[in-house]
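See below for run.txt, which holds compact mmCIF, C-alpha atoms and all ligand atoms.
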# COMPACT_ATOMS: atom_id res chain seq x y z
CA MET A 1079 43.85 129.12 109.68
CA PRO A 1080 44.60 131.32 106.61
CA LYS A 1081 48.27 132.27 106.35
CA GLY A 1082 49.19 135.43 108.23
CA GLU A 1083 46.06 135.42 110.38
CA THR A 1084 46.46 135.64 114.15
CA VAL A 1085 44.24 133.80 116.57
CA ILE A 1086 43.42 136.15 119.41
CA SER A 1087 43.48 134.27 122.68
CA SER A 1088 41.02 135.18 125.40
CA LEU A 1089 43.54 134.11 128.04
CA PRO A 1090 45.40 136.70 130.10
CA ILE A 1091 49.09 137.32 129.45
CA ASN A 1092 51.08 134.58 131.16
CA PRO A 1093 54.62 134.50 129.80
CA PRO A 1094 56.81 131.45 130.41
CA SER A 1095 59.27 131.56 133.27
CA ARG A 1096 62.65 132.61 131.87
CA LEU A 1097 66.05 133.45 133.23
CA LEU A 1098 67.30 136.19 130.88
CA MET A 1099 71.10 135.92 130.77
CA GLY A 1100 71.64 137.67 127.46
CA PRO A 1101 72.86 141.22 126.78
CA GLY A 1102 69.52 142.71 127.87
CA PRO A 1103 66.69 142.89 128.46
CA VAL A 1104 67.11 140.94 131.66
CA ASN A 1105 64.51 139.97 134.26
CA ALA A 1106 63.19 143.11 135.92
CA ASP A 1107 63.65 143.44 139.65
CA PRO A 1108 60.33 142.34 141.25
CA ARG A 1109 60.37 145.57 143.28
CA VAL A 1110 60.37 147.54 140.00
CA LEU A 1111 57.46 145.47 138.69
CA ARG A 1112 55.56 146.07 141.91
CA ALA A 1113 56.11 149.84 141.63
CA MET A 1114 54.76 149.63 138.09
CA SER A 1115 51.52 148.07 139.22
CA ALA A 1116 50.59 151.20 141.22
CA GLN A 1117 47.47 153.12 140.17
CA LEU A 1118 47.75 156.20 137.91
CA VAL A 1119 47.42 159.78 139.12
CA GLY A 1120 46.73 162.89 137.07
CA GLN A 1121 49.51 164.40 135.02
CA TYR A 1122 49.79 167.45 137.29
CA ASP A 1123 48.68 165.82 140.51
CA PRO A 1124 51.02 167.11 143.24
CA SER A 1125 52.08 163.51 143.89
CA MET A 1126 52.99 163.06 140.21
CA THR A 1127 55.05 166.26 139.96
CA ALA A 1128 56.72 165.31 143.24
CA TYR A 1129 57.60 161.89 141.75
CA MET A 1130 59.03 163.67 138.70
CA ASN A 1131 61.21 165.87 140.91
CA GLU A 1132 62.32 162.90 142.98
CA THR A 1133 63.14 160.96 139.83
CA MET A 1134 65.34 163.83 138.62
CA GLU A 1135 67.21 163.86 141.93
CA LEU A 1136 67.60 160.08 142.03
CA TYR A 1137 69.05 160.00 138.51
CA ARG A 1138 71.50 162.76 139.45
CA GLY A 1139 72.80 160.17 141.89
CA VAL A 1140 72.87 157.42 139.26
CA PHE A 1141 74.67 159.54 136.64
CA GLU A 1142 76.87 161.20 139.29
CA THR A 1143 75.96 164.69 138.18
CA ALA A 1144 74.68 167.97 139.54
CA ASN A 1145 72.92 168.73 136.24
CA GLU A 1146 69.54 170.39 136.76
CA GLN A 1147 68.31 168.89 133.49
CA THR A 1148 68.22 165.24 134.43
CA VAL A 1149 64.99 163.80 133.05
CA LEU A 1150 63.30 160.75 131.54
CA ILE A 1151 62.69 160.56 127.83
CA ASP A 1152 59.61 158.44 127.12
CA GLY A 1153 60.62 155.57 124.88
CA THR A 1154 63.38 152.99 124.81
CA SER A 1155 67.07 153.88 125.00
CA ARG A 1156 67.05 154.77 121.33
CA ALA A 1157 64.50 157.50 122.11
CA GLY A 1158 66.99 159.00 124.54
CA ILE A 1159 69.72 158.94 121.89
CA GLU A 1160 67.42 160.50 119.32
CA ALA A 1161 66.25 163.24 121.73
CA ALA A 1162 69.83 164.13 122.62
CA LEU A 1163 71.15 164.17 119.07
CA VAL A 1164 68.22 165.85 117.34
CA SER A 1165 68.14 168.54 120.04
CA LEU A 1166 71.89 169.15 120.12
CA ILE A 1167 72.55 169.03 116.38
CA SER A 1168 71.57 171.88 114.08
CA PRO A 1169 71.50 170.78 110.44
CA GLY A 1170 74.97 171.18 108.95
CA ASP A 1171 76.80 170.79 112.28
CA ARG A 1172 79.89 168.62 112.14
CA VAL A 1173 79.64 165.56 114.39
CA LEU A 1174 82.41 163.05 115.10
CA VAL A 1175 81.32 159.45 115.74
CA PRO A 1176 84.06 156.96 116.64
CA ILE A 1177 82.61 153.51 115.94
CA PHE A 1178 83.72 150.33 117.69
CA GLY A 1179 80.50 148.29 117.43
CA ARG A 1180 76.89 148.21 116.30
CA PHE A 1181 75.68 151.06 118.44
CA GLY A 1182 78.28 153.47 117.08
CA HIS A 1183 76.64 152.87 113.71
CA LEU A 1184 73.31 153.78 115.34
CA LEU A 1185 74.72 157.09 116.60
CA ARG A 1186 75.97 157.85 113.11
CA GLU A 1187 72.62 156.98 111.57
CA ILE A 1188 70.66 159.17 113.98
CA ALA A 1189 73.12 162.08 113.67
CA GLU A 1190 72.85 161.87 109.86
CA ARG A 1191 69.06 161.93 110.04
CA ALA A 1192 69.31 164.99 112.29
CA GLY A 1193 71.10 166.70 109.40
CA ALA A 1194 74.66 166.58 110.71
CA GLU A 1195 77.78 166.40 108.60
CA VAL A 1196 78.96 163.19 110.21
CA HIS A 1197 82.60 162.12 110.34
CA VAL A 1198 83.33 158.61 111.52
CA ARG A 1199 86.41 156.76 112.66
CA GLU A 1200 86.15 152.98 112.81
CA ILE A 1201 88.24 150.38 114.59
CA GLU A 1202 88.03 146.63 114.77
CA TRP A 1203 85.17 145.26 116.90
CA GLY A 1204 86.41 144.12 120.30
CA THR A 1205 88.91 147.00 120.64
CA VAL A 1206 88.62 150.59 121.87
CA PHE A 1207 90.05 153.98 120.87
CA THR A 1208 92.93 155.68 122.66
CA PRO A 1209 92.38 159.27 123.81
CA ALA A 1210 95.13 160.30 121.35
CA GLN A 1211 93.20 158.77 118.44
CA ILE A 1212 90.06 160.67 119.45
CA GLU A 1213 91.96 163.94 119.85
CA GLN A 1214 93.60 163.47 116.46
CA ALA A 1215 90.17 162.91 114.88
CA ILE A 1216 88.85 166.03 116.62
CA ARG A 1217 91.76 168.05 115.20
CA GLU A 1218 91.06 166.70 111.72
CA THR A 1219 87.28 167.12 111.69
CA LYS A 1220 86.67 170.08 114.06
CA PRO A 1221 83.27 168.81 115.18
CA ALA A 1222 80.67 170.67 117.22
CA LEU A 1223 79.84 167.38 118.96
CA LEU A 1224 81.60 164.12 119.81
CA ALA A 1225 79.07 161.25 120.02
CA ILE A 1226 80.42 157.96 121.30
CA VAL A 1227 79.05 154.83 122.94
CA HIS A 1228 80.38 153.93 126.40
CA GLY A 1229 79.80 150.18 126.55
CA ASP A 1230 78.83 148.57 123.25
CA THR A 1231 76.85 145.41 123.97
CA SER A 1232 77.55 144.14 120.45
CA THR A 1233 81.27 143.72 121.24
CA THR A 1234 81.11 143.67 125.08
CA VAL A 1235 83.91 146.23 125.46
CA ALA A 1236 83.71 149.65 127.12
CA GLN A 1237 85.38 152.72 125.67
CA PRO A 1238 87.33 154.60 128.39
CA LEU A 1239 85.77 158.06 128.60
CA ASP A 1240 87.55 159.59 131.58
CA GLU A 1241 90.13 161.51 129.50
CA LEU A 1242 87.82 162.59 126.69
CA GLY A 1243 85.97 165.35 128.52
CA GLU A 1244 89.12 167.38 129.01
CA ILE A 1245 90.02 166.93 125.33
CA CYS A 1246 86.54 168.02 124.23
CA ALA A 1247 86.61 171.06 126.53
CA ARG A 1248 90.00 172.11 125.14
CA HIS A 1249 88.69 171.94 121.56
CA GLY A 1250 85.27 173.47 122.31
CA VAL A 1251 83.43 170.24 121.44
CA LEU A 1252 80.23 169.06 123.11
CA PHE A 1253 80.61 165.55 124.52
CA TYR A 1254 77.73 163.01 124.32
CA THR A 1255 77.72 159.36 125.29
CA ASP A 1256 75.24 156.46 125.26
CA VAL A 1257 75.51 154.48 128.50
CA THR A 1258 72.52 152.19 127.90
CA ALA A 1259 74.55 149.03 128.33
CA SER A 1260 77.08 150.16 130.89
CA LEU A 1261 75.43 152.44 133.46
CA ALA A 1262 75.36 151.00 137.01
CA GLY A 1263 77.43 148.01 135.98
CA ASN A 1264 80.64 149.93 135.30
CA THR A 1265 82.07 153.08 136.84
CA PHE A 1266 80.58 156.17 135.23
CA GLN A 1267 80.85 159.77 136.40
CA ALA A 1268 79.08 162.27 134.19
CA ASP A 1269 80.45 165.42 135.81
CA ALA A 1270 83.93 164.25 136.74
CA TRP A 1271 84.42 163.01 133.16
CA GLY A 1272 83.16 166.24 131.59
CA LEU A 1273 80.07 164.88 129.82
CA ASP A 1274 77.59 167.33 128.29
CA ALA A 1275 74.88 164.82 127.42
CA VAL A 1276 74.27 161.25 128.51
CA THR A 1277 71.41 158.87 127.76
CA ALA A 1278 70.56 155.43 129.10
CA GLY A 1279 67.82 152.79 129.33
CA LEU A 1280 66.37 150.64 132.07
CA GLN A 1281 66.59 147.12 130.72
CA LYS A 1282 70.20 146.27 131.52
CA CYS A 1283 72.08 147.04 134.74
CA LEU A 1284 69.25 149.27 136.00
CA GLY A 1285 67.03 146.22 136.43
CA GLY A 1286 63.85 147.50 134.79
CA PRO A 1287 61.91 146.95 131.59
CA SER A 1288 62.74 148.85 128.41
CA GLY A 1289 60.57 151.89 127.72
CA SER A 1290 62.11 154.83 129.55
CA ALA A 1291 65.39 156.58 128.80
CA PRO A 1292 66.98 158.47 131.71
CA ALA A 1293 69.14 161.32 130.42
CA THR A 1294 71.19 164.21 131.73
CA PHE A 1295 72.42 167.45 130.14
CA SER A 1296 75.09 169.90 131.29
CA PRO A 1297 74.39 173.65 131.49
CA ARG A 1298 76.45 174.07 128.29
CA ALA A 1299 74.27 171.52 126.45
CA VAL A 1300 71.12 173.14 127.82
CA GLU A 1301 72.27 176.50 126.48
CA VAL A 1302 72.72 175.03 122.97
CA ILE A 1303 69.33 173.30 123.14
CA ASN A 1304 67.43 176.27 124.55
CA ALA A 1305 68.87 178.57 121.88
CA ARG A 1306 66.59 176.68 119.47
CA LYS A 1307 63.56 176.72 121.73
CA SER A 1308 60.23 177.08 119.98
CA ILE A 1309 57.05 176.47 121.94
CA GLU A 1310 54.35 174.90 119.79
CA ALA A 1311 51.17 176.79 118.98
CA GLY A 1312 48.26 175.82 121.18
CA ILE A 1313 50.31 175.85 124.38
CA ARG A 1314 52.40 178.93 123.54
CA GLU A 1315 51.86 181.93 125.77
CA ALA A 1316 52.77 185.60 125.38
CA GLY A 1317 56.54 185.94 125.60
CA ASP A 1318 57.21 182.26 124.77
CA ALA A 1319 59.96 181.52 122.27
CA VAL A 1320 59.25 180.98 118.58
CA ASN A 1321 62.25 180.00 116.48
CA ALA A 1322 62.53 179.97 112.70
CA HIS A 1323 64.80 176.89 112.95
CA PRO A 1324 63.31 174.79 115.74
CA ILE A 1325 64.53 171.37 116.79
CA ARG A 1326 63.42 169.04 114.03
CA SER A 1327 61.42 166.66 116.18
CA ASN A 1328 58.49 167.81 118.25
CA TYR A 1329 58.29 164.70 120.45
CA PHE A 1330 62.03 164.73 121.18
CA ASP A 1331 62.38 168.51 121.49
CA LEU A 1332 64.34 168.71 124.71
CA SER A 1333 63.76 172.44 125.09
CA MET A 1334 60.04 171.71 125.55
CA ILE A 1335 60.69 168.53 127.54
CA PHE A 1336 62.85 170.55 129.99
CA ASP A 1337 59.96 172.98 130.42
CA TYR A 1338 57.66 170.05 131.13
CA TRP A 1339 60.00 168.71 133.83
CA GLY A 1340 60.70 172.23 135.19
CA PRO A 1341 58.64 174.72 137.19
CA LYS A 1342 56.81 175.87 134.05
CA ARG A 1343 55.20 172.39 133.68
CA LEU A 1344 54.64 173.00 129.99
CA ASN A 1345 51.90 170.65 128.76
CA HIS A 1346 54.12 169.00 126.14
CA HIS A 1347 53.25 165.30 126.36
CA THR A 1348 51.63 163.07 128.97
CA GLU A 1349 54.45 161.52 130.94
CA ALA A 1350 54.33 157.72 130.75
CA THR A 1351 53.31 157.41 134.38
CA THR A 1352 53.81 153.67 134.78
CA MET A 1353 57.27 153.87 133.21
CA LEU A 1354 58.11 156.74 135.54
CA TYR A 1355 57.11 154.61 138.52
CA GLY A 1356 59.43 151.89 137.23
CA ALA A 1357 62.32 154.21 136.36
CA ARG A 1358 62.08 155.89 139.75
CA GLU A 1359 62.20 152.51 141.50
CA CYS A 1360 65.24 151.40 139.44
CA ALA A 1361 67.12 154.54 140.53
CA ARG A 1362 65.88 154.34 144.11
CA LEU A 1363 67.18 150.79 144.44
CA LEU A 1364 70.57 151.73 142.99
CA VAL A 1365 71.01 154.86 145.09
CA ASP A 1366 69.98 152.85 148.13
CA GLU A 1367 72.53 150.16 147.30
CA GLY A 1368 75.20 152.76 146.46
CA MET A 1369 76.52 153.18 142.92
CA ASP A 1370 79.98 151.87 143.86
CA VAL A 1371 78.45 148.81 145.50
CA ALA A 1372 76.27 148.16 142.44
CA VAL A 1373 79.31 148.39 140.15
CA GLU A 1374 81.25 146.04 142.44
CA ARG A 1375 78.32 143.56 142.37
CA HIS A 1376 78.44 143.56 138.57
CA ARG A 1377 82.23 143.23 138.63
CA LEU A 1378 82.08 140.19 140.93
CA HIS A 1379 79.35 138.27 139.10
CA GLY A 1380 80.78 139.23 135.70
CA ALA A 1381 84.19 137.94 136.81
CA ALA A 1382 82.60 134.69 138.00
CA MET A 1383 80.83 134.23 134.65
CA LEU A 1384 84.04 134.96 132.73
CA ALA A 1385 86.04 132.52 134.87
CA GLY A 1386 83.23 129.98 134.50
CA VAL A 1387 83.09 129.98 130.70
CA GLN A 1388 86.88 129.87 130.57
CA GLY A 1389 86.80 127.05 133.14
CA LEU A 1390 84.58 125.07 130.78
CA GLY A 1391 87.38 125.39 128.24
CA LEU A 1392 85.64 128.02 126.09
CA SER A 1393 87.42 131.10 124.80
CA VAL A 1394 86.12 134.63 124.89
CA PHE A 1395 86.13 137.47 122.38
CA GLY A 1396 87.41 141.03 122.74
CA ASP A 1397 90.02 143.02 124.60
CA LEU A 1398 89.66 141.69 128.15
CA ASP A 1399 91.40 144.77 129.58
CA HIS A 1400 88.43 146.82 128.42
CA ARG A 1401 85.61 144.36 128.90
CA MET A 1402 82.35 145.52 130.41
CA ASN A 1403 81.67 143.95 133.79
CA ASN A 1404 78.19 142.90 132.79
CA VAL A 1405 78.46 140.95 129.53
CA VAL A 1406 80.90 138.48 128.03
CA ALA A 1407 81.17 137.27 124.41
CA VAL A 1408 81.90 133.53 124.29
CA ARG A 1409 83.27 131.98 121.12
CA ILE A 1410 81.01 129.23 119.82
CA PRO A 1411 83.15 126.04 119.75
CA ASP A 1412 83.87 124.40 116.41
CA GLY A 1413 81.30 121.84 115.34
CA VAL A 1414 78.57 123.38 117.49
CA THR A 1415 75.60 125.25 116.06
CA GLY A 1416 75.14 128.40 118.09
CA ASP A 1417 71.40 128.68 117.64
CA ALA A 1418 70.82 125.01 118.50
CA VAL A 1419 72.60 125.45 121.83
CA ARG A 1420 70.66 128.63 122.56
CA GLY A 1421 67.44 126.79 121.68
CA GLU A 1422 68.17 123.90 124.07
CA LEU A 1423 69.09 126.30 126.86
CA LEU A 1424 65.78 128.06 126.37
CA ASN A 1425 63.58 125.02 125.90
CA ASP A 1426 65.13 122.70 128.48
CA PHE A 1427 66.34 125.15 131.13
CA GLY A 1428 64.32 128.31 130.47
CA ILE A 1429 67.58 130.25 130.13
CA GLU A 1430 68.10 132.84 127.40
CA ILE A 1431 71.58 133.83 126.25
CA GLY A 1432 72.28 136.24 123.40
CA THR A 1433 73.18 135.89 119.79
CA SER A 1434 75.32 138.55 118.05
CA PHE A 1435 75.43 140.99 115.14
CA GLY A 1436 77.58 142.00 112.20
CA PRO A 1437 81.03 140.43 111.98
CA LEU A 1438 80.36 138.41 115.15
CA HIS A 1439 77.13 136.85 113.94
CA GLY A 1440 77.25 133.07 114.38
CA LYS A 1441 80.67 133.31 116.04
CA VAL A 1442 79.89 134.28 119.63
CA TRP A 1443 77.18 134.05 122.23
CA ARG A 1444 76.77 136.98 124.56
CA ILE A 1445 76.08 136.16 128.19
CA GLY A 1446 75.04 138.92 130.55
CA THR A 1447 75.14 139.22 134.33
CA MET A 1448 73.30 142.44 134.88
CA GLY A 1449 70.74 144.26 136.95
CA TYR A 1450 68.56 141.93 138.97
CA ASN A 1451 70.33 138.95 137.40
CA ALA A 1452 73.82 139.92 138.60
CA ARG A 1453 73.69 137.21 141.27
CA LYS A 1454 75.56 134.08 142.29
CA ASP A 1455 72.63 131.70 141.78
CA THR A 1456 72.01 132.92 138.21
CA VAL A 1457 75.69 132.61 137.31
CA LEU A 1458 76.03 129.08 138.70
CA THR A 1459 72.76 127.90 137.15
CA THR A 1460 73.70 129.28 133.73
CA LEU A 1461 77.15 127.67 133.80
CA ALA A 1462 75.75 124.29 134.87
CA ALA A 1463 73.10 124.40 132.15
CA LEU A 1464 75.57 125.52 129.49
CA GLU A 1465 77.85 122.61 130.32
CA ALA A 1466 74.98 120.12 130.04
CA VAL A 1467 73.79 121.49 126.71
CA LEU A 1468 77.29 121.69 125.24
CA ARG A 1469 77.95 118.07 126.20
CA ARG A 1470 74.77 116.98 124.45
CA ALA A 1471 75.90 118.95 121.40
CA GLY A 1472 79.14 116.92 121.38
CA ALA A 1473 81.43 119.76 122.46
CA ARG A 1474 84.49 118.98 124.57
CA VAL A 1475 84.07 120.83 127.85
CA THR A 1476 85.81 120.46 131.19
CA GLY A 1477 83.42 118.59 133.49
CA GLY A 1478 82.45 120.81 136.42
CA GLY A 1479 84.99 123.38 135.23
CA GLY A 1480 82.49 126.20 134.82
CA VAL A 1481 80.76 126.06 138.17
CA GLY A 1482 84.08 125.23 139.87
CA ALA A 1483 85.89 128.27 138.46
CA ALA A 1484 82.99 130.55 139.37
CA TYR A 1485 82.95 129.16 142.93
CA GLU A 1486 86.65 129.99 143.21
CA ILE A 1487 85.96 133.62 142.33
CA TYR A 1488 83.23 133.76 144.97
CA GLN A 1489 85.46 132.09 147.57
CA ASP A 1490 88.30 134.55 146.85
CA ALA A 1491 85.88 137.47 147.17
CA ALA A 1492 84.52 136.10 150.46
CA GLY A 1493 88.04 135.68 151.81
CA ALA A 1494 89.23 139.10 150.66
C1 LIG A 1501 74.70 150.55 123.81
C2 LIG A 1501 73.27 150.48 123.40
N1 LIG A 1501 72.67 151.57 122.88
C3 LIG A 1501 71.40 151.57 122.49
C4 LIG A 1501 70.64 150.43 122.58
C5 LIG A 1501 69.22 150.48 122.07
O1 LIG A 1501 68.34 150.32 123.11
P1 LIG A 1501 66.76 150.18 122.93
O2 LIG A 1501 66.55 148.88 122.27
O3 LIG A 1501 66.28 150.22 124.36
O4 LIG A 1501 66.24 151.33 122.16
C6 LIG A 1501 71.19 149.27 123.12
C7 LIG A 1501 70.41 148.03 123.22
O5 LIG A 1501 70.91 146.95 123.38
C8 LIG A 1501 72.55 149.29 123.54
O6 LIG A 1501 73.14 148.20 124.05
Show how you would write the structure in this file as structure tokens.
Amino acid sequence: MPKGETVISSLPINPPSRLLMGPGPVNADPRVLRAMSAQLVGQYDPSMTAYMNETMELYRGVFETANEQTVLIDGTSRAGIEAALVSLISPGDRVLVPIFGRFGHLLREIAERAGAEVHVREIEWGTVFTPAQIEQAIRETKPALLAIVHGDTSTTVAQPLDELGEICARHGVLFYTDVTASLAGNTFQADAWGLDAVTAGLQKCLGGPSGSAPATFSPRAVEVINARKSIEAGIREAGDAVNAHPIRSNYFDLSMIFDYWGPKRLNHHTEATTMLYGARECARLLVDEGMDVAVERHRLHGAAMLAGVQGLGLSVFGDLDHRMNNVVAVRIPDGVTGDAVRGELLNDFGIEIGTSFGPLHGKVWRIGTMGYNARKDTVLTTLAALEAVLRRAGARVTGGGGVGAAYEIYQDAAGA
């Protein structure tokens, strides 16, 4: 076969069986996959618009908000971030981005492309900012918007947000956060914490595939966004807004997207129907379970995984007081090649764990317990397999220590 040429198989898609225990994506909940196999309906079929309305209401429950503008952005989590930032930022606006991991850099990058004057503050990966540090940076930079990640999967720590809303309100700053990695696995309360804009994704604790970005916007954020509303020619009607300085992306123009999800049903884009079915099912399952119960499930299985890797004699990275429930960074033991261990886990056990970026590359593995995979059987299987592979790689591990320590966490929880 000439180099670079692809042989197109006539066989149907039949991916190998995998247990995805990395930082996401994880295995989708079979109930979400079933919802996604439902037949399409027309874009404005009454059943479709009813599903859209139901999806908005379900995600109000997931984000813990009363925000009218709670919608899906079509695309992966990054699409949600881009829609929020490009719609909230007018070129020249000052934006403060505190960075404590890879995804803070992404917020900076997107804000810069949206034309913002971006000010960053950086701290060492594995640590988080204090509210006082954020307030000091706000005083120094006087931003229109604070954009900060909640849980950064690259470092596995979660930035406490509960005190930042009050600080932002006092300084007249809009408050945006990316909860892609943390939502439903860690406590999050959009309204109680004073958030103006929040975006997420399905492929982590929500238990779905990537490809839809649930998002919510406060009335204050909506006012800023709608002030730039400009309805595109072709669907514009008499009296519709035309703005000399519209939002710089058409696809991610939230002012038009809100009109698509609202009573006006503006014909902006064709909602990704199958993704909506999946996103709705993710939220339905969570609301049915109860958000507090879902967070507690992630806490329990995350604690069992943490105890398990420590029980094997491995050490973990990052400030454990601020760790996310749903992912742990495990230091790769000396003398062991990280990728070789990951390869054996995948090839011999069908288990995927994560590699890492930036300063942590080659130093830690990231192991997730999230969404559909936040379960006892997945935790115990992963720990048993990791022990076997590490032994073969010549690492010194405590025999049975991983599974044993995890069992203790489960026994304590059962006895509590
Ligand atoms: C915190 C955070 N933000 C954004 C993203 C980007 O998500 P996506 O790949 O769905 O666009 C990720 C993905 O891991 C993430 O963990």
Chain A near ligand LIG 1501 (chain A) within 10 Å: what's each residue's closest atom pair and its distance in Å to one decimal, counting all atoms listed in the file, ordered by chain then ascending residue number, as JSON lines?
{"residue": "A:Pro1101", "atom": "CA", "partner": "A:LIG1501", "partner_atom": "O5", "distance": 6.9}
{"residue": "A:Gly1102", "atom": "CA", "partner": "A:LIG1501", "partner_atom": "O5", "distance": 6.3}
{"residue": "A:Pro1103", "atom": "CA", "partner": "A:LIG1501", "partner_atom": "O5", "distance": 7.8}
{"residue": "A:Gly1153", "atom": "CA", "partner": "A:LIG1501", "partner_atom": "O4", "distance": 7.5}
{"residue": "A:Thr1154", "atom": "CA", "partner": "A:LIG1501", "partner_atom": "O3", "distance": 4.0}
{"residue": "A:Ser1155", "atom": "CA", "partner": "A:LIG1501", "partner_atom": "O3", "distance": 3.8}
{"residue": "A:Arg1156", "atom": "CA", "partner": "A:LIG1501", "partner_atom": "O4", "distance": 3.6}
{"residue": "A:Ala1157", "atom": "CA", "partner": "A:LIG1501", "partner_atom": "O4", "distance": 6.4}
{"residue": "A:Gly1158", "atom": "CA", "partner": "A:LIG1501", "partner_atom": "O4", "distance": 8.1}
{"residue": "A:Ile1159", "atom": "CA", "partner": "A:LIG1501", "partner_atom": "C3", "distance": 7.6}
{"residue": "A:Glu1160", "atom": "CA", "partner": "A:LIG1501", "partner_atom": "O4", "distance": 9.7}
{"residue": "A:Gly1179", "atom": "CA", "partner": "A:LIG1501", "partner_atom": "C1", "distance": 8.9}
{"residue": "A:Arg1180", "atom": "CA", "partner": "A:LIG1501", "partner_atom": "C1", "distance": 8.2}
{"residue": "A:Phe1181", "atom": "CA", "partner": "A:LIG1501", "partner_atom": "N1", "distance": 5.4}
{"residue": "A:Gly1182", "atom": "CA", "partner": "A:LIG1501", "partner_atom": "C1", "distance": 8.2}
{"residue": "A:Leu1184", "atom": "CA", "partner": "A:LIG1501", "partner_atom": "C3", "distance": 7.7}
{"residue": "A:Leu1185", "atom": "CA", "partner": "A:LIG1501", "partner_atom": "N1", "distance": 8.6}
{"residue": "A:Ile1226", "atom": "CA", "partner": "A:LIG1501", "partner_atom": "C1", "distance": 9.7}
{"residue": "A:Val1227", "atom": "CA", "partner": "A:LIG1501", "partner_atom": "C1", "distance": 6.2}
{"residue": "A:His1228", "atom": "CA", "partner": "A:LIG1501", "partner_atom": "C1", "distance": 7.1}
{"residue": "A:Gly1229", "atom": "CA", "partner": "A:LIG1501", "partner_atom": "C1", "distance": 5.8}
{"residue": "A:Asp1230", "atom": "CA", "partner": "A:LIG1501", "partner_atom": "C1", "distance": 4.6}
{"residue": "A:Thr1231", "atom": "CA", "partner": "A:LIG1501", "partner_atom": "O6", "distance": 4.6}
{"residue": "A:Ser1232", "atom": "CA", "partner": "A:LIG1501", "partner_atom": "O6", "distance": 7.0}
{"residue": "A:Thr1233", "atom": "CA", "partner": "A:LIG1501", "partner_atom": "O6", "distance": 9.7}
{"residue": "A:Thr1234", "atom": "CA", "partner": "A:LIG1501", "partner_atom": "O6", "distance": 9.2}
{"residue": "A:Ala1236", "atom": "CA", "partner": "A:LIG1501", "partner_atom": "C1", "distance": 9.6}
{"residue": "A:Thr1255", "atom": "CA", "partner": "A:LIG1501", "partner_atom": "C1", "distance": 9.4}
{"residue": "A:Asp1256", "atom": "CA", "partner": "A:LIG1501", "partner_atom": "N1", "distance": 6.0}
{"residue": "A:Val1257", "atom": "CA", "partner": "A:LIG1501", "partner_atom": "C1", "distance": 6.2}
{"residue": "A:Thr1258", "atom": "CA", "partner": "A:LIG1501", "partner_atom": "C2", "distance": 4.9}
{"residue": "A:Ala1259", "atom": "CA", "partner": "A:LIG1501", "partner_atom": "O6", "distance": 4.6}
{"residue": "A:Ser1260", "atom": "CA", "partner": "A:LIG1501", "partner_atom": "C1", "distance": 7.5}
{"residue": "A:Leu1261", "atom": "CA", "partner": "A:LIG1501", "partner_atom": "C1", "distance": 9.9}
{"residue": "A:Thr1277", "atom": "CA", "partner": "A:LIG1501", "partner_atom": "N1", "distance": 8.9}
{"residue": "A:Ala1278", "atom": "CA", "partner": "A:LIG1501", "partner_atom": "N1", "distance": 7.6}
{"residue": "A:Gly1279", "atom": "CA", "partner": "A:LIG1501", "partner_atom": "O3", "distance": 5.8}
{"residue": "A:Leu1280", "atom": "CA", "partner": "A:LIG1501", "partner_atom": "O3", "distance": 7.7}
{"residue": "A:Gln1281", "atom": "CA", "partner": "A:LIG1501", "partner_atom": "O3", "distance": 7.1}
{"residue": "A:Lys1282", "atom": "CA", "partner": "A:LIG1501", "partner_atom": "O5", "distance": 8.2}
{"residue": "A:Pro1287", "atom": "CA", "partner": "A:LIG1501", "partner_atom": "O3", "distance": 9.1}
{"residue": "A:Ser1288", "atom": "CA", "partner": "A:LIG1501", "partner_atom": "O3", "distance": 5.6}
{"residue": "A:Gly1289", "atom": "CA", "partner": "A:LIG1501", "partner_atom": "O3", "distance": 6.8}
{"residue": "A:Ser1290", "atom": "CA", "partner": "A:LIG1501", "partner_atom": "O3", "distance": 8.1}
{"residue": "A:Ala1291", "atom": "CA", "partner": "A:LIG1501", "partner_atom": "O3", "distance": 7.8}
- Task: Measure the distance from CA of Ala1381 in chain A to CA of Gly1482 in chain A in Å and round it to one decimal.
- Result: 13.1 Å
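Proximity to Phe1253 in chain A at 7 Å, evaluated using only C-alpha atoms and with sequence-adjacent residues fewer than 6 positions away removed, yields A:Leu1223, A:Leu1224, A:Ala1225, A:Gly1243, A:Cys1246, A:Leu1273, A:Asp1274, A:Ala1275.
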- Message: I need the residue nearest Val1110 in chain A from this list: A:Glu1190, A:Glu1359, A:Asp1397, A:Glu1218. Use only C-alpha atoms for the distance.
- Response: A:Glu1359
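Candidate residues A:Thr1415, A:Thr1208, A:Ser1115, A:Asn1145 were compared for distance to His1400 in chain A, and the nearest is A:Thr1208, using all atoms listed in the file.
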Can you check which parts of range 1182-1250 of chain A lie within 10 Å of range 1325-1338 of chain A? Per residue, the shortest pair of atoms and distance in Å to one decimal, counting only C-alpha atoms, sorted by chain and number, as a Markdown table.
| residue | atom | partner | partner_atom | distance |
| --- | --- | --- | --- | --- |
| A:Arg1191 | CA | A:Arg1326 | CA | 9.9 |
| A:Ala1192 | CA | A:Arg1326 | CA | 7.4 |
| A:Gly1193 | CA | A:Arg1326 | CA | 9.3 |
- Quick one: pull the distance between CA of Tyr1485 in chain A and CA of Ser1095 in chain A, Å, one decimal.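 It comes out at 25.7 Å.
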